[in-house]
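Student: Contents are compact mmCIF, C-alpha atoms and all ligand atoms; file name input20.txt:
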# COMPACT_ATOMS: atom_id res chain seq x y z
CA MET A 1 36.24 9.60 0.32
CA SER A 2 35.69 6.28 2.01
CA PHE A 3 32.26 4.73 2.26
CA SER A 4 30.21 5.37 5.41
CA THR A 5 27.44 3.02 6.48
CA LYS A 6 26.27 5.56 9.06
CA ASP A 7 25.90 8.33 6.46
CA THR A 8 24.14 6.00 4.03
CA ILE A 9 21.55 5.18 6.67
CA LEU A 10 21.20 8.82 7.79
CA ASP A 11 20.73 9.95 4.16
CA TYR A 12 18.15 7.25 3.46
CA CYS A 13 16.17 8.13 6.58
CA LYS A 14 16.31 11.87 5.89
CA LEU A 15 15.11 11.38 2.32
CA ASN A 16 12.20 9.25 3.50
CA ASN A 17 11.26 11.17 6.66
CA ILE A 18 12.20 8.32 8.96
CA ASP A 19 13.18 9.35 12.51
CA ILE A 20 16.65 8.16 13.52
CA SER A 21 19.21 9.28 16.09
CA GLN A 22 22.94 9.66 15.38
CA GLU A 23 23.56 6.89 17.88
CA THR A 24 21.23 4.45 16.12
CA ALA A 25 22.80 5.28 12.76
CA GLU A 26 26.22 4.65 14.31
CA GLY A 27 24.90 1.25 15.40
CA PHE A 28 24.64 0.21 11.76
CA GLU A 29 28.45 0.47 11.48
CA LYS A 30 28.70 -2.12 14.22
CA LEU A 31 25.96 -4.24 12.64
CA SER A 32 27.92 -4.23 9.37
CA ASP A 33 31.13 -5.24 11.21
CA MET A 34 29.28 -8.07 12.92
CA LEU A 35 27.72 -9.34 9.70
CA LEU A 36 31.06 -9.36 7.84
CA GLU A 37 32.81 -11.06 10.74
CA PHE A 38 30.10 -13.72 11.15
CA ASN A 39 29.96 -14.28 7.40
CA SER A 40 33.70 -14.96 7.33
CA HIS A 41 33.11 -18.27 9.16
CA THR A 42 29.40 -19.00 8.60
CA ASN A 43 27.78 -18.11 5.31
CA VAL A 44 24.63 -16.10 6.04
CA THR A 45 24.62 -13.54 3.24
CA ALA A 46 25.85 -13.32 -0.34
CA LEU A 47 26.61 -9.60 0.01
CA LYS A 48 30.29 -9.00 0.67
CA THR A 49 30.93 -5.25 0.65
CA ARG A 50 29.98 -2.65 3.24
CA GLU A 51 28.25 -0.62 0.58
CA ASP A 52 26.09 -3.50 -0.64
CA ILE A 53 25.21 -4.42 2.93
CA ALA A 54 24.29 -0.82 3.85
CA VAL A 55 22.15 -0.29 0.77
CA LYS A 56 20.71 -3.68 -0.17
CA HIS A 57 20.24 -5.08 3.32
CA PHE A 58 19.95 -2.15 5.73
CA ALA A 59 18.30 0.67 3.75
CA ASP A 60 16.13 -1.70 1.73
CA SER A 61 14.84 -3.26 4.97
CA LEU A 62 13.93 0.15 6.42
CA ALA A 63 11.43 0.88 3.61
CA VAL A 64 8.52 -0.25 5.79
CA LEU A 65 9.22 2.66 8.15
CA LYS A 66 8.46 5.16 5.37
CA TYR A 67 4.82 4.34 6.07
CA ASP A 68 2.74 4.23 9.21
CA LEU A 69 2.23 0.48 9.18
CA ILE A 70 3.84 -0.61 12.45
CA LYS A 71 2.06 0.95 15.40
CA LYS A 72 3.77 1.62 18.74
CA ASN A 73 4.51 -1.59 20.72
CA ALA A 74 3.27 -3.76 17.84
CA SER A 75 4.09 -7.46 17.66
CA VAL A 76 5.98 -8.20 14.46
CA ILE A 77 7.07 -11.48 12.84
CA ASP A 78 9.72 -11.78 10.12
CA ILE A 79 9.25 -14.98 8.09
CA GLY A 80 12.35 -16.43 6.39
CA CYS A 81 14.49 -13.68 7.87
CA GLY A 82 17.85 -15.21 6.96
CA ALA A 83 20.44 -13.15 8.81
CA GLY A 84 17.62 -10.87 10.01
CA PHE A 85 16.24 -8.93 7.05
CA PRO A 86 14.13 -6.89 7.02
CA GLY A 87 13.39 -7.29 10.76
CA LEU A 88 16.75 -6.47 12.30
CA PRO A 89 17.20 -2.96 10.85
CA VAL A 90 13.55 -2.23 11.70
CA LYS A 91 14.14 -3.28 15.32
CA MET A 92 17.28 -1.09 15.46
CA LEU A 93 15.07 1.95 14.86
CA ARG A 94 12.00 0.73 16.67
CA ASP A 95 12.96 -0.69 20.04
CA ASP A 96 9.30 -0.47 21.12
CA ILE A 97 8.25 -3.42 18.94
CA LYS A 98 8.26 -7.08 19.94
CA ILE A 99 9.79 -9.12 17.15
CA THR A 100 9.91 -12.82 16.28
CA PHE A 101 12.46 -14.01 13.72
CA VAL A 102 11.66 -17.23 11.86
CA ASP A 103 13.98 -19.19 9.62
CA SER A 104 14.33 -22.87 8.88
CA THR A 105 18.14 -22.52 8.87
CA ALA A 106 19.27 -22.33 12.49
CA LYS A 107 22.75 -20.94 11.79
CA LYS A 108 21.26 -17.77 10.34
CA LEU A 109 19.32 -17.15 13.52
CA ARG A 110 22.52 -17.51 15.53
CA PHE A 111 23.60 -14.27 13.90
CA THR A 112 20.32 -12.56 14.76
CA ASN A 113 20.65 -13.74 18.36
CA SER A 114 24.20 -12.46 18.71
CA VAL A 115 23.12 -9.05 17.39
CA ALA A 116 20.19 -8.86 19.80
CA GLU A 117 22.58 -9.64 22.63
CA ALA A 118 25.31 -7.23 21.52
CA PHE A 119 22.81 -4.36 21.23
CA GLY A 120 20.95 -5.30 24.41
CA MET A 121 17.67 -5.53 22.48
CA SER A 122 14.64 -6.67 24.43
CA ASP A 123 11.56 -8.49 23.10
CA VAL A 124 13.44 -10.47 20.45
CA GLU A 125 12.49 -14.10 19.87
CA THR A 126 14.12 -16.46 17.37
CA CYS A 127 12.42 -19.59 16.03
CA PRO A 128 14.55 -22.00 13.98
CA GLU A 129 11.56 -23.66 12.31
CA ARG A 130 9.69 -23.92 9.05
CA ALA A 131 6.96 -21.28 9.01
CA GLU A 132 4.21 -23.71 8.02
CA GLU A 133 5.06 -25.91 11.01
CA LEU A 134 5.59 -23.13 13.54
CA VAL A 135 2.14 -21.62 13.14
CA ALA A 136 0.47 -24.50 15.01
CA LYS A 137 2.74 -23.93 18.03
CA GLY A 138 0.67 -21.15 19.59
CA LYS A 139 1.36 -18.59 16.89
CA ARG A 140 -1.81 -18.61 14.81
CA GLU A 141 -3.50 -15.19 14.45
CA LYS A 142 -1.08 -13.64 16.98
CA TYR A 143 0.81 -10.84 15.21
CA ASP A 144 -0.03 -7.25 14.36
CA VAL A 145 2.39 -7.17 11.44
CA ALA A 146 4.26 -9.81 9.42
CA VAL A 147 7.13 -8.94 7.09
CA SER A 148 9.00 -11.09 4.61
CA ARG A 149 11.62 -10.50 1.92
CA ALA A 150 13.04 -12.80 -0.77
CA VAL A 151 11.60 -16.04 0.61
CA ALA A 152 9.12 -17.45 -1.92
CA SER A 153 6.84 -16.39 -4.74
CA LEU A 154 3.82 -14.51 -3.42
CA PRO A 155 1.24 -17.26 -4.13
CA VAL A 156 3.29 -19.56 -1.85
CA LEU A 157 4.28 -16.88 0.62
CA VAL A 158 0.75 -15.77 1.50
CA GLU A 159 -0.08 -19.25 2.77
CA LEU A 160 3.12 -19.35 4.84
CA VAL A 161 2.61 -15.92 6.37
CA LEU A 162 -1.06 -14.88 6.62
CA PRO A 163 -1.97 -17.53 9.26
CA PHE A 164 0.31 -15.70 11.75
CA VAL A 165 -1.45 -12.34 11.37
CA LYS A 166 -4.39 -11.38 13.57
CA ALA A 167 -7.57 -9.90 12.15
CA GLY A 168 -6.98 -6.19 11.66
CA GLY A 169 -3.24 -6.72 11.28
CA CYS A 170 -1.27 -6.80 8.05
CA PHE A 171 1.35 -8.63 6.04
CA VAL A 172 3.92 -6.43 4.33
CA ALA A 173 5.61 -8.35 1.51
CA TYR A 174 8.85 -6.92 0.10
CA LYS A 175 8.71 -7.54 -3.66
CA SER A 176 10.05 -6.22 -6.94
CA SER A 177 7.65 -3.71 -8.48
CA ILE A 178 7.23 -6.05 -11.43
CA GLU A 179 5.81 -8.79 -9.20
CA ALA A 180 3.66 -6.23 -7.37
CA ASP A 181 2.00 -5.00 -10.57
CA ILE A 182 -1.70 -5.66 -10.18
CA ASN A 183 -2.35 -4.61 -13.79
CA ASN A 184 -0.21 -7.42 -15.12
CA LYS A 185 -2.06 -10.73 -15.04
CA GLU A 186 1.22 -12.62 -14.91
CA SER A 187 2.60 -10.88 -11.81
CA GLU A 188 2.96 -12.73 -8.52
CA LEU A 189 0.41 -10.37 -6.99
CA SER A 190 -2.22 -11.11 -9.64
CA LYS A 191 -1.65 -14.82 -9.20
CA SER A 192 -2.11 -14.51 -5.43
CA LEU A 193 -5.44 -12.70 -5.32
CA ASN A 194 -7.53 -15.83 -4.99
CA GLY A 195 -5.28 -17.26 -2.27
CA ILE A 196 -5.21 -13.98 -0.33
CA LYS A 197 -9.02 -13.99 -0.23
CA ARG A 198 -9.23 -17.61 0.92
CA LEU A 199 -6.68 -16.96 3.65
CA GLY A 200 -8.68 -14.05 5.12
CA GLY A 201 -6.70 -11.23 3.53
CA LYS A 202 -7.33 -8.26 1.27
CA VAL A 203 -4.82 -6.24 -0.74
CA GLU A 204 -4.82 -2.79 0.82
CA ASP A 205 -1.92 -0.97 -0.79
CA ILE A 206 1.07 -1.25 -3.06
CA LEU A 207 3.72 1.17 -1.86
CA ASP A 208 6.96 2.36 -3.36
CA ALA A 209 10.04 0.94 -1.66
CA SER A 210 12.67 1.70 -4.28
CA LEU A 211 16.19 2.55 -3.21
CA PRO A 212 17.33 6.14 -3.82
CA GLY A 213 18.46 6.85 -7.36
CA VAL A 214 16.91 3.75 -8.89
CA ASN A 215 15.10 4.74 -12.08
CA ASP A 216 15.19 1.49 -14.00
CA GLU A 217 11.68 0.00 -13.71
CA THR A 218 13.07 -3.52 -13.46
CA GLN A 219 15.08 -2.58 -10.37
CA LYS A 220 12.28 -0.92 -8.43
CA HIS A 221 10.91 -2.34 -5.19
CA SER A 222 7.43 -2.31 -3.70
CA LEU A 223 5.74 -3.21 -0.45
CA ILE A 224 2.52 -5.14 -0.91
CA VAL A 225 0.29 -4.49 2.10
CA ILE A 226 -2.22 -7.26 2.70
CA ARG A 227 -4.74 -6.53 5.46
CA LYS A 228 -6.13 -9.43 7.46
CA VAL A 229 -9.89 -8.92 7.31
CA GLY A 230 -10.94 -12.30 8.70
CA LYS A 231 -9.47 -15.47 10.15
CA THR A 232 -7.45 -17.96 8.13
CA PRO A 233 -9.38 -21.26 7.88
CA ILE A 234 -7.75 -23.89 10.08
CA GLU A 235 -6.84 -26.14 7.12
CA PHE A 236 -4.18 -23.61 6.11
CA PRO A 237 -1.23 -23.68 5.93
CA ARG A 238 -1.06 -27.05 4.22
CA ARG A 239 2.15 -29.06 4.01
CA TYR A 240 4.93 -27.31 2.10
CA ALA A 241 4.94 -29.75 -0.83
CA GLN A 242 1.24 -29.11 -1.39
CA ILE A 243 1.54 -25.34 -1.03
CA VAL A 244 4.18 -25.27 -3.74
CA LYS A 245 2.53 -27.83 -5.98
CA LYS A 246 -0.90 -26.23 -5.90
CA PRO A 247 -0.89 -22.62 -4.70
CA LEU A 248 -4.39 -21.50 -3.71
N1 LIG B 301 14.76 -12.43 4.28
C1 LIG B 301 16.19 -12.55 4.13
C2 LIG B 301 16.63 -13.94 3.66
C3 LIG B 301 16.14 -14.34 2.29
S1 LIG B 301 16.75 -15.93 1.81
C4 LIG B 301 16.71 -11.47 3.22
O1 LIG B 301 15.93 -10.79 2.57
O2 LIG B 301 17.94 -11.28 3.15
C5 LIG B 301 15.33 -16.94 2.16
C6 LIG B 301 15.32 -17.48 3.57
O3 LIG B 301 14.04 -18.06 3.80
C7 LIG B 301 16.35 -18.57 3.79
O4 LIG B 301 17.16 -18.22 4.91
C8 LIG B 301 15.52 -19.82 4.07
O5 LIG B 301 16.11 -20.65 5.04
C9 LIG B 301 14.20 -19.24 4.56
N2 LIG B 301 12.99 -20.06 4.31
C10 LIG B 301 12.56 -20.53 3.10
N3 LIG B 301 11.39 -21.21 3.25
C11 LIG B 301 11.09 -21.19 4.58
C12 LIG B 301 10.02 -21.71 5.37
N4 LIG B 301 9.06 -22.42 4.82
N5 LIG B 301 10.03 -21.48 6.69
C13 LIG B 301 11.03 -20.76 7.26
N6 LIG B 301 12.07 -20.24 6.58
C14 LIG B 301 12.10 -20.44 5.25
Translate the structure described by the file into structure tokens.

Tutor:
Amino acid sequence: MSFSTKDTILDYCKLNNIDISQETAEGFEKLSDMLLEFNSHTNVTALKTREDIAVKHFADSLAVLKYDLIKKNASVIDIGCGAGFPGLPVKMLRDDIKITFVDSTAKKLRFTNSVAEAFGMSDVETCPERAEELVAKGKREKYDVAVSRAVASLPVLVELVLPFVKAGGCFVAYKSSIEADINNKESELSKSLNGIKRLGGKVEDILDASLPGVNDETQKHSLIVIRKVGKTPIEFPRRYAQIVKKPL
């Protein structure tokens, strides 16, 4: 039997109690076509097969919808979205949200823009900028939810992302379960705790985001939920070189 993107998405959603219509699931077939076509002339993803795209990009991105983290009509920002992950699949299922896609590589956002247009999505903004520079352009403390996957180690990422989130909102970081292990002093999460506090955040939850059938501990995924409990001091984010050289 040939592989079906639509069925992969429907199965993932059913397994995880995520609401999805047949029509939306069908839309992922088109999204896969568009990604493969775009990638044939402009490299925006390393994944080359429909199966990898459906599982590792689409289903993996949808993990946030297993949990009640994005309220109706929420404003969401995806930092370092690349071709639009995790934000694009989330927007496919949740047309109510307003979403801003940020990536320093403009060509990747051209893909996101063409998808938004092809699907007639509303409330989609794309910002071809570095996150640490964009925040000063009217985007400080503005978002209900920030998401980010595969962009930087968590000690660096929290300084790039938390300034965008308003008090009461949250940052959902897509990470391997190994890096989200708070009991391991060497994990990215453990090494971020001081920075999270200084940036006005608090670790609220570590949630399972593993793909179906993954039993190998090293392959498991987690969502680290960081609640914004105060404002980020104005001196953050610092310049990128400093953030990387001396994480908080
Ligand atoms: N989130 C996507 C892409 C991951 S690749 C996915 O999971 O598939 C990492 C992306 O982060 C790259 O596209 C890179 O351009 C972007 N990036 C890295 N540092 C950034 C920064 N400081 N500001 C904005 N984008 C950044």

Student: As a quick test: using only C-alpha atoms and all ligand atoms, which residues lie no more than 8 Å away from ligand LIG 301 (chain B)? Give them as a PyMOL selection string.

Tutor: chain A and resi 44-45+57+61+78-86+102-105+108+128-133+148-152+160+240

Student: Please write the residues from the selection above to a file, keeping C-alpha atoms, as a PDB file, in the frame of the given file.

Tutor:
ATOM      1  CA  VAL A  44      24.630 -16.100   6.040  1.00  0.00           C
ATOM      2  CA  THR A  45      24.620 -13.540   3.240  1.00  0.00           C
ATOM      3  CA  HIS A  57      20.240  -5.080   3.320  1.00  0.00           C
ATOM      4  CA  SER A  61      14.840  -3.260   4.970  1.00  0.00           C
ATOM      5  CA  ASP A  78       9.720 -11.780  10.120  1.00  0.00           C
ATOM      6  CA  ILE A  79       9.250 -14.980   8.090  1.00  0.00           C
ATOM      7  CA  GLY A  80      12.350 -16.430   6.390  1.00  0.00           C
ATOM      8  CA  CYS A  81      14.490 -13.680   7.870  1.00  0.00           C
ATOM      9  CA  GLY A  82      17.850 -15.210   6.960  1.00  0.00           C
ATOM     10  CA  ALA A  83      20.440 -13.150   8.810  1.00  0.00           C
ATOM     11  CA  GLY A  84      17.620 -10.870  10.010  1.00  0.00           C
ATOM     12  CA  PHE A  85      16.240  -8.930   7.050  1.00  0.00           C
ATOM     13  CA  PRO A  86      14.130  -6.890   7.020  1.00  0.00           C
ATOM     14  CA  VAL A 102      11.660 -17.230  11.860  1.00  0.00           C
ATOM     15  CA  ASP A 103      13.980 -19.190   9.620  1.00  0.00           C
ATOM     16  CA  SER A 104      14.330 -22.870   8.880  1.00  0.00           C
ATOM     17  CA  THR A 105      18.140 -22.520   8.870  1.00  0.00           C
ATOM     18  CA  LYS A 108      21.260 -17.770  10.340  1.00  0.00           C
ATOM     19  CA  PRO A 128      14.550 -22.000  13.980  1.00  0.00           C
ATOM     20  CA  GLU A 129      11.560 -23.660  12.310  1.00  0.00           C
ATOM     21  CA  ARG A 130       9.690 -23.920   9.050  1.00  0.00           C
ATOM     22  CA  ALA A 131       6.960 -21.280   9.010  1.00  0.00           C
ATOM     23  CA  GLU A 132       4.210 -23.710   8.020  1.00  0.00           C
ATOM     24  CA  GLU A 133       5.060 -25.910  11.010  1.00  0.00           C
ATOM     25  CA  SER A 148       9.000 -11.090   4.610  1.00  0.00           C
ATOM     26  CA  ARG A 149      11.620 -10.500   1.920  1.00  0.00           C
ATOM     27  CA  ALA A 150      13.040 -12.800  -0.770  1.00  0.00           C
ATOM     28  CA  VAL A 151      11.600 -16.040   0.610  1.00  0.00           C
ATOM     29  CA  ALA A 152       9.120 -17.450  -1.920  1.00  0.00           C
ATOM     30  CA  LEU A 160       3.120 -19.350   4.840  1.00  0.00           C
ATOM     31  CA  TYR A 240       4.930 -27.310   2.100  1.00  0.00           C
TER      32      TYR A 240
END

Student: With distances taken over only C-alpha atoms, which of A:Leu31, A:Val203, A:Ile99, A:Ala146 is nearest to Cys170 of chain A?

Tutor: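 Looking only at the distances to Cys170 of chain A, the closest residue turns out to be A:Ala146.
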
Student: Considering all atoms listed in the file, state which residue in the set A:Ser4, A:Asn16, A:Thr100, A:Ser176 is at the smallest distance from Leu223 of chain A.

Tutor: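 So, comparing all the options, the nearest one is A:Ser176.
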
Student: For Ser32 of chain A, which residue among A:Asp19, A:Lys66, A:Val115, A:Glu217 is the nearest when counting all atoms listed in the file?

Tutor: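 The shortest atom-to-atom distance to Ser32 of chain A comes from A:Val115.
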
Student: Between A:Leu189, A:Leu35, A:Val244, A:Val229, which one has atoms that come closest to Phe111 of chain A, using all atoms listed in the file?

Tutor: A:Leu35

Student: Need the shell around Ala74 of chain A: protein/DNA/RNA residues with any atom at most 8 Å away, counting only C-alpha atoms. Skip same-chain ones fewer than 4 positions apart. Format as an MDAnalysis selection string?

Tutor: chainID A and resid 70 96:98 143:145

Student: For atom CA of Gln22 of chain A and atom CA of Leu62 of chain A, quote the distance in Å rounded to one decimal.

Tutor: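 That distance, rounded to one decimal, is 15.9 Å.
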
Student: Please provide as a VMD selection string all residues within 9 Å of Ser190 of chain A, with the sequence filter that same-chain residues fewer than 4 positions apart are discarded (counting only C-alpha atoms).

Tutor: chain A and resid 155 179 to 186 194
